[in-house]
Structure formats: C-alpha cells, structure tokens
$ cat run12.cif   # mmCIF, C-alpha atoms
data_query
#
loop_
_atom_site.label_atom_id
_atom_site.label_comp_id
_atom_site.auth_asym_id
_atom_site.auth_seq_id
_atom_site.Cartn_x
_atom_site.Cartn_y
_atom_site.Cartn_z
CA MET A 1 31.64 -20.54 65.10
CA ASN A 2 31.02 -17.44 62.95
CA ASN A 3 34.75 -16.89 62.51
CA THR A 4 35.68 -20.48 61.81
CA ILE A 5 36.52 -21.65 58.31
CA LYS A 6 33.74 -23.91 57.05
CA THR A 7 35.37 -26.97 55.56
CA GLY A 8 34.23 -29.67 53.16
CA LEU A 9 35.82 -33.10 52.90
CA VAL A 10 35.67 -35.04 49.64
CA SER A 11 35.53 -38.79 50.32
CA PHE A 12 35.51 -40.58 53.66
CA GLY A 13 37.97 -43.42 53.14
CA LYS A 14 40.90 -44.29 55.38
CA ALA A 15 42.75 -41.02 54.78
CA SER A 16 39.73 -39.02 55.94
CA ARG A 17 38.73 -41.29 58.81
CA VAL A 18 42.24 -41.62 60.24
CA PHE A 19 43.89 -38.31 59.35
CA HIS A 20 41.80 -35.46 57.94
CA GLY A 21 38.65 -35.83 60.03
CA PRO A 22 40.32 -36.08 63.45
CA ILE A 23 42.87 -33.38 62.70
CA ILE A 24 40.43 -30.88 61.17
CA THR A 25 37.99 -31.28 64.06
CA SER A 26 40.77 -30.71 66.60
CA VAL A 27 41.74 -27.33 65.11
CA PRO A 28 39.49 -24.56 66.54
CA GLU A 29 39.96 -22.36 63.48
CA LEU A 30 38.20 -24.92 61.26
CA HIS A 31 34.68 -26.34 61.26
CA LEU A 32 33.99 -29.55 59.37
CA LYS A 33 30.63 -28.82 57.79
CA THR A 34 30.09 -31.24 54.88
CA VAL A 35 31.46 -34.61 53.73
CA VAL A 36 31.01 -36.13 50.29
CA GLU A 37 30.11 -39.84 50.55
CA ARG A 38 28.52 -41.47 47.55
CA HIS A 39 27.23 -44.67 49.13
CA ARG A 40 27.27 -44.43 52.93
CA LYS A 41 26.91 -41.91 55.71
CA GLU A 42 29.71 -43.09 57.98
CA ALA A 43 30.96 -39.56 58.59
CA ARG A 44 27.77 -38.66 60.45
CA GLU A 45 28.23 -41.61 62.80
CA ILE A 46 31.52 -40.07 63.94
CA TYR A 47 30.65 -36.39 63.48
CA PRO A 48 26.87 -36.09 64.05
CA TRP A 49 26.74 -32.42 63.05
CA VAL A 50 28.11 -32.81 59.52
CA GLY A 51 26.05 -32.76 56.39
CA VAL A 52 26.62 -35.71 54.09
CA VAL A 53 26.13 -35.20 50.35
CA SER A 54 26.57 -37.64 47.49
CA ASP A 55 28.43 -35.42 45.00
CA ILE A 56 31.00 -32.66 44.98
CA ASP A 57 28.77 -30.25 43.05
CA THR A 58 26.38 -30.05 45.99
CA LEU A 59 29.28 -29.28 48.31
CA LEU A 60 30.67 -26.60 45.99
CA ALA A 61 27.26 -24.93 45.72
CA ASP A 62 27.42 -24.10 49.43
CA ARG A 63 28.85 -20.57 49.51
CA SER A 64 29.66 -20.81 53.23
CA ILE A 65 32.29 -23.46 52.62
CA GLU A 66 35.68 -21.81 52.14
CA LEU A 67 38.04 -24.81 52.24
CA VAL A 68 37.74 -28.16 50.49
CA VAL A 69 39.96 -31.11 51.39
CA ILE A 70 40.39 -33.76 48.68
CA ALA A 71 41.14 -37.27 49.94
CA THR A 72 40.43 -39.37 46.87
CA PRO A 73 42.58 -41.72 44.72
CA ASN A 74 45.68 -40.05 43.30
CA GLN A 75 44.59 -39.97 39.66
CA THR A 76 41.55 -37.84 40.59
CA HIS A 77 43.42 -35.10 42.45
CA TYR A 78 44.03 -32.75 39.55
CA GLU A 79 40.48 -32.67 38.16
CA LEU A 80 38.84 -32.33 41.57
CA ALA A 81 41.26 -29.66 42.76
CA ARG A 82 40.76 -27.67 39.55
CA LYS A 83 37.00 -27.87 39.95
CA CYS A 84 37.20 -26.63 43.53
CA LEU A 85 39.51 -23.75 42.66
CA GLU A 86 37.29 -22.71 39.78
CA ALA A 87 34.40 -22.64 42.27
CA GLY A 88 36.36 -20.20 44.44
CA LYS A 89 37.35 -22.60 47.22
CA HIS A 90 40.69 -22.91 48.96
CA VAL A 91 42.02 -26.44 48.52
CA VAL A 92 44.07 -29.04 50.41
CA VAL A 93 44.92 -32.14 48.39
CA ASP A 94 46.10 -35.37 49.96
CA LYS A 95 49.58 -36.25 48.73
CA PRO A 96 50.67 -36.56 46.02
CA PHE A 97 49.43 -33.13 44.97
CA THR A 98 49.13 -34.27 41.33
CA THR A 99 50.65 -36.99 39.18
CA THR A 100 52.48 -34.63 36.79
CA SER A 101 54.36 -31.36 37.16
CA ALA A 102 52.29 -29.81 34.35
CA GLN A 103 49.13 -30.45 36.37
CA ALA A 104 50.77 -28.99 39.48
CA GLU A 105 51.82 -25.84 37.64
CA GLU A 106 48.30 -25.36 36.25
CA LEU A 107 46.70 -25.64 39.69
CA ILE A 108 49.24 -23.30 41.26
CA GLU A 109 48.67 -20.70 38.53
CA LEU A 110 44.88 -21.03 38.84
CA ALA A 111 45.04 -20.57 42.61
CA ALA A 112 47.26 -17.51 42.21
CA ARG A 113 44.87 -15.91 39.70
CA LYS A 114 41.94 -16.44 42.04
CA LYS A 115 43.94 -15.48 45.17
CA LEU A 116 43.26 -18.84 46.78
CA VAL A 117 45.35 -21.10 48.99
CA VAL A 118 46.25 -24.49 47.55
CA SER A 119 48.45 -27.03 49.32
CA PRO A 120 49.26 -30.74 49.46
CA PHE A 121 48.68 -32.47 52.81
CA GLN A 122 52.31 -32.85 53.84
CA ASN A 123 51.57 -33.70 57.46
CA ARG A 124 54.89 -35.48 58.03
CA ARG A 125 56.69 -32.18 58.22
CA TRP A 126 55.20 -32.26 61.72
CA ASP A 127 56.49 -35.70 62.66
CA GLY A 128 58.41 -35.39 65.91
CA ASP A 129 61.56 -37.01 64.49
CA PHE A 130 61.62 -34.61 61.55
CA LEU A 131 61.10 -31.59 63.82
CA THR A 132 64.04 -32.86 65.89
CA ILE A 133 66.22 -33.17 62.80
CA GLN A 134 65.39 -29.60 61.78
CA ARG A 135 66.60 -28.43 65.20
CA LEU A 136 69.75 -30.53 64.99
CA LEU A 137 70.65 -29.07 61.61
CA LYS A 138 69.93 -25.54 62.81
CA SER A 139 72.21 -26.06 65.82
CA ASN A 140 75.01 -27.41 63.57
CA VAL A 141 75.79 -30.00 66.25
CA LEU A 142 76.89 -32.51 63.56
CA GLY A 143 78.99 -29.99 61.66
CA ARG A 144 78.68 -29.70 57.89
CA LEU A 145 76.22 -32.37 56.76
CA VAL A 146 77.57 -34.75 54.10
CA GLU A 147 74.97 -37.53 54.06
CA PHE A 148 71.24 -37.70 54.83
CA GLU A 149 69.29 -40.95 54.62
CA SER A 150 65.53 -41.26 55.06
CA ARG A 151 63.69 -44.59 54.91
CA PHE A 152 60.06 -45.67 55.14
CA ASP A 153 60.08 -49.48 55.21
CA ARG A 154 57.27 -51.98 55.72
CA PHE A 155 56.79 -55.71 55.48
CA ARG A 156 53.82 -57.12 53.60
CA ASN A 157 54.75 -59.83 51.11
CA TYR A 158 51.40 -59.91 49.33
CA SER A 159 49.20 -57.48 47.42
CA ARG A 160 45.78 -56.44 48.64
CA PRO A 161 43.07 -57.50 46.14
CA GLY A 162 41.01 -54.53 44.99
CA ALA A 163 43.32 -51.89 46.49
CA TRP A 164 43.67 -49.03 44.01
CA ARG A 165 47.20 -48.23 45.21
CA GLU A 166 48.32 -51.71 44.11
CA ALA A 167 46.49 -51.83 40.78
CA PRO A 168 48.24 -50.76 37.56
CA GLY A 169 47.53 -47.16 36.67
CA VAL A 170 48.57 -43.55 36.97
CA GLY A 171 49.52 -42.60 40.51
CA SER A 172 49.53 -46.10 41.98
CA GLY A 173 52.45 -47.87 43.63
CA VAL A 174 54.50 -47.36 46.75
CA PHE A 175 56.60 -44.54 45.29
CA PHE A 176 53.56 -42.33 44.73
CA ASP A 177 52.33 -43.37 48.19
CA LEU A 178 55.41 -42.90 50.38
CA GLY A 179 57.79 -41.03 48.07
CA PRO A 180 56.03 -37.64 48.41
CA HIS A 181 56.55 -37.70 52.19
CA LEU A 182 60.28 -38.33 51.98
CA ILE A 183 60.83 -36.04 49.00
CA ASP A 184 58.93 -33.15 50.59
CA GLN A 185 60.94 -33.44 53.80
CA ALA A 186 64.20 -33.42 51.86
CA VAL A 187 63.10 -30.52 49.66
CA SER A 188 62.02 -28.48 52.69
CA LEU A 189 65.51 -28.94 54.17
CA PHE A 190 67.77 -28.72 51.13
CA GLY A 191 65.77 -27.32 48.21
CA PRO A 192 65.80 -28.82 44.69
CA PRO A 193 68.66 -31.21 43.87
CA GLU A 194 71.13 -30.69 41.06
CA ARG A 195 70.52 -34.17 39.65
CA LEU A 196 69.15 -37.52 40.79
CA SER A 197 69.43 -41.27 40.33
CA ALA A 198 66.58 -43.70 41.00
CA ASP A 199 65.72 -47.37 41.07
CA ILE A 200 61.96 -47.95 41.28
CA ARG A 201 60.95 -51.56 40.92
CA THR A 202 58.48 -54.34 41.69
CA GLN A 203 59.82 -57.00 44.06
CA ARG A 204 56.88 -59.02 45.40
CA ASP A 205 55.56 -62.07 43.59
CA GLY A 206 52.36 -61.19 41.76
CA ALA A 207 52.60 -57.45 42.43
CA GLU A 208 51.32 -55.28 39.58
CA THR A 209 52.91 -51.98 40.49
CA ASP A 210 56.09 -50.71 42.13
CA ASP A 211 56.71 -51.69 45.75
CA HIS A 212 60.32 -50.54 46.22
CA PHE A 213 62.23 -47.34 45.56
CA ASP A 214 65.77 -46.12 46.10
CA VAL A 215 66.31 -42.48 45.11
CA LEU A 216 69.58 -40.57 45.37
CA LEU A 217 69.41 -36.77 45.30
CA HIS A 218 72.71 -35.09 44.42
CA TYR A 219 73.54 -31.73 46.02
CA GLU A 220 76.81 -29.82 46.23
CA GLY A 221 78.73 -31.64 48.96
CA LEU A 222 75.68 -33.59 50.14
CA LYS A 223 74.24 -37.02 49.34
CA VAL A 224 70.53 -37.54 50.12
CA THR A 225 69.14 -41.09 49.95
CA LEU A 226 65.40 -41.78 50.08
CA LYS A 227 64.29 -45.41 50.30
CA GLY A 228 61.11 -47.38 50.86
CA GLY A 229 59.95 -50.93 50.35
CA MET A 230 57.38 -53.55 51.24
CA LEU A 231 59.79 -56.45 51.84
CA VAL A 232 61.86 -55.08 54.70
CA ARG A 233 61.36 -57.20 57.79
CA ALA A 234 64.57 -56.22 59.54
CA ARG A 235 64.75 -53.15 61.75
CA THR A 236 66.08 -50.25 59.72
CA PRO A 237 66.67 -46.63 60.75
CA ARG A 238 64.10 -44.02 59.87
CA PHE A 239 66.84 -41.40 59.55
CA VAL A 240 70.64 -41.40 59.46
CA LEU A 241 72.59 -38.14 59.32
CA ASN A 242 76.38 -37.98 58.94
CA GLY A 243 78.33 -34.76 59.32
CA MET A 244 81.90 -33.56 59.72
CA ASN A 245 81.63 -33.78 63.52
CA GLY A 246 79.45 -36.84 64.02
CA SER A 247 76.28 -38.80 63.32
CA PHE A 248 72.64 -39.05 64.35
CA ALA A 249 70.44 -42.12 63.86
CA LYS A 250 66.73 -42.45 64.58
CA TYR A 251 64.71 -45.67 64.65
CA GLY A 252 60.95 -46.12 64.84
CA LEU A 253 58.05 -44.12 63.44
CA ASP A 254 56.38 -41.01 64.76
CA PRO A 255 53.60 -42.16 67.16
CA GLN A 256 50.82 -39.94 65.79
CA GLU A 257 49.59 -42.29 63.05
CA ALA A 258 49.35 -45.22 65.47
CA ALA A 259 47.50 -43.01 67.94
CA LEU A 260 45.05 -41.88 65.24
CA LEU A 261 44.46 -45.48 64.15
CA ALA A 262 43.67 -46.31 67.77
CA GLY A 263 41.07 -43.54 67.94
CA GLY A 264 43.21 -40.91 69.65
CA ARG A 265 42.48 -37.23 69.29
CA PRO A 266 45.15 -34.66 68.44
CA GLY A 267 45.71 -32.06 71.12
CA THR A 268 45.07 -34.32 74.08
CA ASP A 269 47.63 -34.59 76.89
CA GLY A 270 50.84 -36.20 75.71
CA TRP A 271 49.87 -36.07 72.06
CA GLY A 272 52.79 -36.68 69.71
CA GLN A 273 55.27 -37.41 72.50
CA GLU A 274 57.60 -40.34 72.04
CA ALA A 275 58.84 -42.74 74.72
CA ALA A 276 62.46 -42.21 75.74
CA GLU A 277 63.57 -45.62 74.49
CA HIS A 278 62.79 -44.49 70.92
CA TRP A 279 64.77 -41.25 71.03
CA GLY A 280 67.50 -40.84 68.43
CA GLU A 281 71.15 -41.66 69.07
CA ILE A 282 73.87 -39.06 68.64
CA ASN A 283 77.66 -39.41 68.54
CA THR A 284 79.44 -36.15 67.84
CA ASP A 285 82.07 -33.62 68.90
CA LEU A 286 80.95 -30.23 70.16
CA ASN A 287 83.20 -27.46 71.46
CA GLY A 288 85.95 -29.91 72.33
CA LEU A 289 83.62 -32.41 73.97
CA HIS A 290 82.78 -35.88 72.67
CA LEU A 291 79.04 -36.36 73.12
CA VAL A 292 77.39 -39.79 72.98
CA GLY A 293 73.77 -40.28 73.99
CA ARG A 294 70.14 -39.78 73.09
CA VAL A 295 68.32 -36.72 71.81
CA GLU A 296 64.80 -36.20 73.11
CA THR A 297 62.32 -36.31 70.24
CA ALA A 298 60.24 -33.18 69.82
CA ALA A 299 56.51 -33.68 70.19
CA GLY A 300 54.86 -34.20 66.80
CA ASN A 301 51.84 -32.07 65.96
CA TYR A 302 49.80 -32.69 62.81
CA GLN A 303 47.40 -29.94 63.89
CA GLU A 304 50.01 -27.40 62.85
CA PHE A 305 49.46 -28.24 59.19
CA TYR A 306 45.80 -27.24 59.28
CA ARG A 307 46.41 -24.36 61.67
CA ASN A 308 48.85 -22.97 59.12
CA ILE A 309 46.30 -23.45 56.33
CA ALA A 310 43.73 -21.50 58.37
CA GLU A 311 46.22 -18.68 58.92
CA ALA A 312 47.09 -18.62 55.21
CA ILE A 313 43.41 -18.38 54.28
CA ARG A 314 42.96 -15.48 56.73
CA GLY A 315 46.09 -13.80 55.35
CA THR A 316 48.17 -13.91 58.53
CA ALA A 317 50.77 -16.44 57.34
CA GLU A 318 52.23 -17.97 54.21
CA PRO A 319 51.48 -21.65 53.50
CA ALA A 320 54.16 -23.82 55.11
CA VAL A 321 54.45 -25.83 51.89
CA SER A 322 55.40 -23.22 49.33
CA VAL A 323 54.34 -23.37 45.69
CA GLU A 324 58.00 -23.79 44.74
CA GLN A 325 58.27 -26.82 47.02
CA ILE A 326 55.06 -28.30 45.61
CA GLY A 327 56.46 -28.12 42.09
CA THR A 328 59.86 -29.46 43.12
CA THR A 329 58.39 -32.53 44.82
CA ILE A 330 56.30 -33.51 41.79
CA ARG A 331 59.23 -32.87 39.45
CA VAL A 332 61.48 -35.12 41.55
CA ILE A 333 58.87 -37.88 41.23
CA GLU A 334 58.83 -37.45 37.44
CA ARG A 335 62.62 -37.36 37.18
CA ALA A 336 62.91 -40.47 39.38
CA PHE A 337 60.69 -42.45 37.02
CA GLN A 338 62.73 -41.11 34.08
CA SER A 339 65.98 -42.15 35.77
CA THR A 340 64.58 -45.64 36.35
CA ARG A 341 63.44 -45.99 32.73
CA GLU A 342 66.70 -44.74 31.27
CA GLN A 343 68.93 -46.35 33.92
CA ARG A 344 71.00 -43.23 34.34
CA THR A 345 71.48 -40.17 36.50
CA VAL A 346 69.31 -37.31 35.21
CA PRO A 347 69.47 -33.56 35.83
CA PHE A 348 66.71 -32.03 37.89
CA HIS A 349 66.24 -29.15 35.47
CA ASP A 350 65.65 -29.65 31.76
CA GLU A 351 68.77 -30.27 29.76
CA ALA A 352 69.75 -27.50 27.33
#
$ encode --input "run12.cif" --output "structure tokens"
Amino acid sequence: MNNTIKTGLVSFGKASRVFHGPIITSVPELHLKTVVERHRKEAREIYPWVGVVSDIDTLLADRSIELVVIATPNQTHYELARKCLEAGKHVVVDKPFTTTSAQAEELIELAARKKLVVSPFQNRRWDGDFLTIQRLLKSNVLGRLVEFESRFDRFRNYSRPGAWREAPGVGSGVFFDLGPHLIDQAVSLFGPPERLSADIRTQRDGAETDDHFDVLLHYEGLKVTLKGGMLVRARTPRFVLNGMNGSFAKYGLDPQEAALLAGGRPGTDGWGQEAAEHWGEINTDLNGLHLVGRVETAAGNYQEFYRNIAEAIRGTAEPAVSVEQIGTTIRVIERAFQSTREQRTVPFHDEA
C-alpha cells in the first residue's frame, strides 16, 4: 500500500461507476483513496474504504494523492485539469481531453513545466479488435494498406431528456462523445492526416445536437473513414481494412464494456476474450497462398491504460498516449467541424 499511487476521482457518474472505478481498483499499482461526490455517497457503497468529499478543493488539499482522474462533463475538463495540475497532481481526463486545441496545448505545456503526467482516457486502444488490427498491420498480411474504415454505430431514435451530451452546448453531441475514440485509434496508427473532409449533422427528429458524423482523413496513398450515428439499426462492420493483398472485416464490439456494465471485474479469468463467432474475417494472399478464414481476436485489457499511467508517474515508461497524439486528436475534431461548416476539404495544418 505504501508504494501504490493514491488516486482521486472527480465525479461518480456513469463513466466512473462503469469504467474508472472498476479499472483503477483492479490495477495493483493504484489505490483509489478519495471520490468527489457533491450530493450522494454512492462510491462508498461500492468501495467502502474510500473517502467521499463534496468538492475538488478538499481532494487537492490531500498531499498524499498523486493522481486525479476527471470524469465530468466535457466542457469542464479544461478548468478542472488545469486546477489539478497547478496543485501538483498528475491528471487523467476522460475523453475528449479538452474542447479546443488551444486548451489542450496549455494543459500540455503546464504539465511539462511541472514535470507531471497528463493524459486523456483513451481506453479503446486496448479493445481486443484494435489490438488485433495493430498486429495485422505489423505483420503486413494485407499488403500495403489503401483503405481503413472504423465505425461506431448505435440505434436510439429519440433524445434523452436532461442528458448533457444531448443538450446544446460546447462539447456535447455524438462527435465529441464517440469521435475521440475513433480519431485517437487512427492517429495512433497513421499519425496526423494531410487534410480532412467531414459531414457532422443532426438526423433525429427533435435532436438538439449532432448525432451523426462521417469524417474522411486523407493520407498519402491511404483513405481513412471514421463514422458514427444514432440511427443505424442494420448490422455494420466495426472495422474494414483493404490492402494490396486482401481485406479484413470485423463485426461486433469489444466485450469489455458489456462486462463492466454487468458488474464484471477486469483481470478475472477470461476477461476481454471474445467468442470465436465474433472473430474478424480475412481474405488475403500470403506467400503464394490464398487465405480465407477468421482471425482470433486478441484479449482486450483496459487495465493496461492505467498500468501505463502508473509506470509513467514512476518514471519507468512514457505515456502510451503521447502529447503529440493528444494535440492531433483535438485538432482533427476542430478541423472536422470547420470542414462541416465550410462544406469543403480542409488542410490539417494551418494554411499559409
């Protein structure tokens, strides 16, 4: 216990109950010490040892707490993260990291000056399907990649009354919700694009913020499509990869979120493993052989995100999500909104 990193969690909404709390408490290097809850003490019902405080200032006054995790509405991320960094705490911010690239740059510079770790919670880098895709690309089994498509579709043809994500305002909407996952995965694989085209729109009757996005990232010799929507009832692939030698398609979602929603605990037997019927389909040529079949999905492991954060705090590893990647993801979000407004393809970098 003396060597563990004492951790504070700001807010105990769905993101904390389903993701941060269970994952943090399953990583031996971390100890969840304090949770900020303004009105209830639900955290203590699940984690009897935690202290529950009503404001972030009380949490920050505790010198033993080294890491603060911010799981609050998107428009609050910048101010809360800045406050925590100024108090000398390492910080993890639920995605999106911030709502503007200027805010992201300021936080990154502040963390660097204070020699602190700061990172967005990009847990879906440890989805089993994405880990599998990384291995496929490394093996070059598809040959030179020419097209990469990533989708995150749902079906809910109504808005939730009172839900901040569906109310007009900075940081609301499905693009700020799901876009950071898909953008971060693409950026981690391919880096910043040369230019991009986007169509972000509202499709559902009565909806007050965007609920559909279609973003095209342009790279030299590679087309990357990122899509998500709330009116997709048909079965669509999560990933499609096309290369000079063949293709790979993957349907279904990583099982970790469903397991967490059902009360599962990361690290238990079989955690993150996917049933064989959901494995991706490959059709390619390799060393003169035509291969058609399924590729076993790697086991997903959200614990690795926080294990990496612990190692970065102790100075034994670099953060998996680099500061360059943080900035690129937020800039892609900004450029996508610009492309939608102006109805044109825009460069990723500022025009001369």
$ atom_distance --input "run12.cif" --atom1 "atom CA of Asp350 of chain A" --atom2 "atom CA of Val332 of chain A"
12.0 Å
$ residues_around --input "run12.cif" --residues "segment 61-68 of chain A" --least-positions-apart "3" --cutoff "6 Å" --atoms "all atoms listed in the file" --output "VMD selection string"
chain A and resid 6 to 9 58 89 to 91
$ closest_residue --input "run12.cif" --among "A:Glu37, A:Asp254, A:Asp184, A:Asp153" --to "Val232 of chain A" --atoms "only C-alpha atoms"
A:Asp153
$ residues_around --input "run12.cif" --residues "segment 43-52 of chain A" --least-positions-apart "6" --cutoff "10 Å" --atoms "only C-alpha atoms" --output "list in words"
Gly8, Leu9, Ser11, Phe12, Gly13, Ser16, Arg17, Gly21, Pro22, Thr25, His31, Leu32, Lys33, Thr34, Val35, Val36, Glu37, Thr58 and Leu59 of chain A
$ resolve_selection --input "run12.cif" --expression "the PyMOL selection byres ((chain A and resi 159) around 10)" --output "PyMOL selection string"
chain A and resi 156-158+160-163+165-167+204-209+211+230
$ atom_distance --input "run12.cif" --atom1 "atom CA of Val117 of chain A" --atom2 "atom CA of Leu189 of chain A"
22.2 Å
$ atom_distance --input "run12.cif" --atom1 "atom CA of Ser197 of chain A" --atom2 "atom CA of Thr340 of chain A"
7.6 Å
$ closest_residue --input "run12.cif" --among "A:Pro28, A:Asp285, A:Asn301, A:Asn242" --to "Asp269 of chain A" --atoms "all atoms listed in the file"
A:Asn301
$ build_atoms --input "run12.cif" --residues "segment 141-153 of chain A" --atoms "N, CA and C atoms" --output "PDB file, in the coordinates of the input"
ATOM      1  N   VAL A 141      75.112 -29.118  65.295  1.00  0.00           N
ATOM      2  CA  VAL A 141      75.790 -30.000  66.250  1.00  0.00           C
ATOM      3  C   VAL A 141      76.568 -31.117  65.545  1.00  0.00           C
ATOM      4  N   LEU A 142      76.179 -31.470  64.313  1.00  0.00           N
ATOM      5  CA  LEU A 142      76.890 -32.510  63.560  1.00  0.00           C
ATOM      6  C   LEU A 142      77.962 -31.930  62.642  1.00  0.00           C
ATOM      7  N   GLY A 143      78.088 -30.614  62.613  1.00  0.00           N
ATOM      8  CA  GLY A 143      78.990 -29.990  61.660  1.00  0.00           C
ATOM      9  C   GLY A 143      78.382 -29.994  60.267  1.00  0.00           C
ATOM     10  N   ARG A 144      79.204 -29.715  59.264  1.00  0.00           N
ATOM     11  CA  ARG A 144      78.680 -29.700  57.890  1.00  0.00           C
ATOM     12  C   ARG A 144      78.138 -31.077  57.522  1.00  0.00           C
ATOM     13  N   LEU A 145      76.868 -31.108  57.095  1.00  0.00           N
ATOM     14  CA  LEU A 145      76.220 -32.370  56.760  1.00  0.00           C
ATOM     15  C   LEU A 145      76.739 -32.874  55.415  1.00  0.00           C
ATOM     16  N   VAL A 146      77.085 -34.161  55.354  1.00  0.00           N
ATOM     17  CA  VAL A 146      77.570 -34.750  54.100  1.00  0.00           C
ATOM     18  C   VAL A 146      76.656 -35.855  53.594  1.00  0.00           C
ATOM     19  N   GLU A 147      75.850 -36.439  54.490  1.00  0.00           N
ATOM     20  CA  GLU A 147      74.970 -37.530  54.060  1.00  0.00           C
ATOM     21  C   GLU A 147      73.686 -37.518  54.893  1.00  0.00           C
ATOM     22  N   PHE A 148      72.561 -37.679  54.202  1.00  0.00           N
ATOM     23  CA  PHE A 148      71.240 -37.700  54.830  1.00  0.00           C
ATOM     24  C   PHE A 148      70.475 -38.866  54.233  1.00  0.00           C
ATOM     25  N   GLU A 149      70.060 -39.797  55.084  1.00  0.00           N
ATOM     26  CA  GLU A 149      69.290 -40.950  54.620  1.00  0.00           C
ATOM     27  C   GLU A 149      67.939 -40.989  55.321  1.00  0.00           C
ATOM     28  N   SER A 150      66.894 -41.192  54.546  1.00  0.00           N
ATOM     29  CA  SER A 150      65.530 -41.260  55.060  1.00  0.00           C
ATOM     30  C   SER A 150      64.859 -42.492  54.480  1.00  0.00           C
ATOM     31  N   ARG A 151      64.307 -43.333  55.361  1.00  0.00           N
ATOM     32  CA  ARG A 151      63.690 -44.590  54.910  1.00  0.00           C
ATOM     33  C   ARG A 151      62.277 -44.707  55.477  1.00  0.00           C
ATOM     34  N   PHE A 152      61.425 -45.369  54.679  1.00  0.00           N
ATOM     35  CA  PHE A 152      60.060 -45.670  55.140  1.00  0.00           C
ATOM     36  C   PHE A 152      59.776 -47.114  54.713  1.00  0.00           C
ATOM     37  N   ASP A 153      60.165 -48.061  55.562  1.00  0.00           N
ATOM     38  CA  ASP A 153      60.080 -49.480  55.210  1.00  0.00           C
ATOM     39  C   ASP A 153      58.899 -50.161  55.895  1.00  0.00           C
TER      40      ASP A 153
END
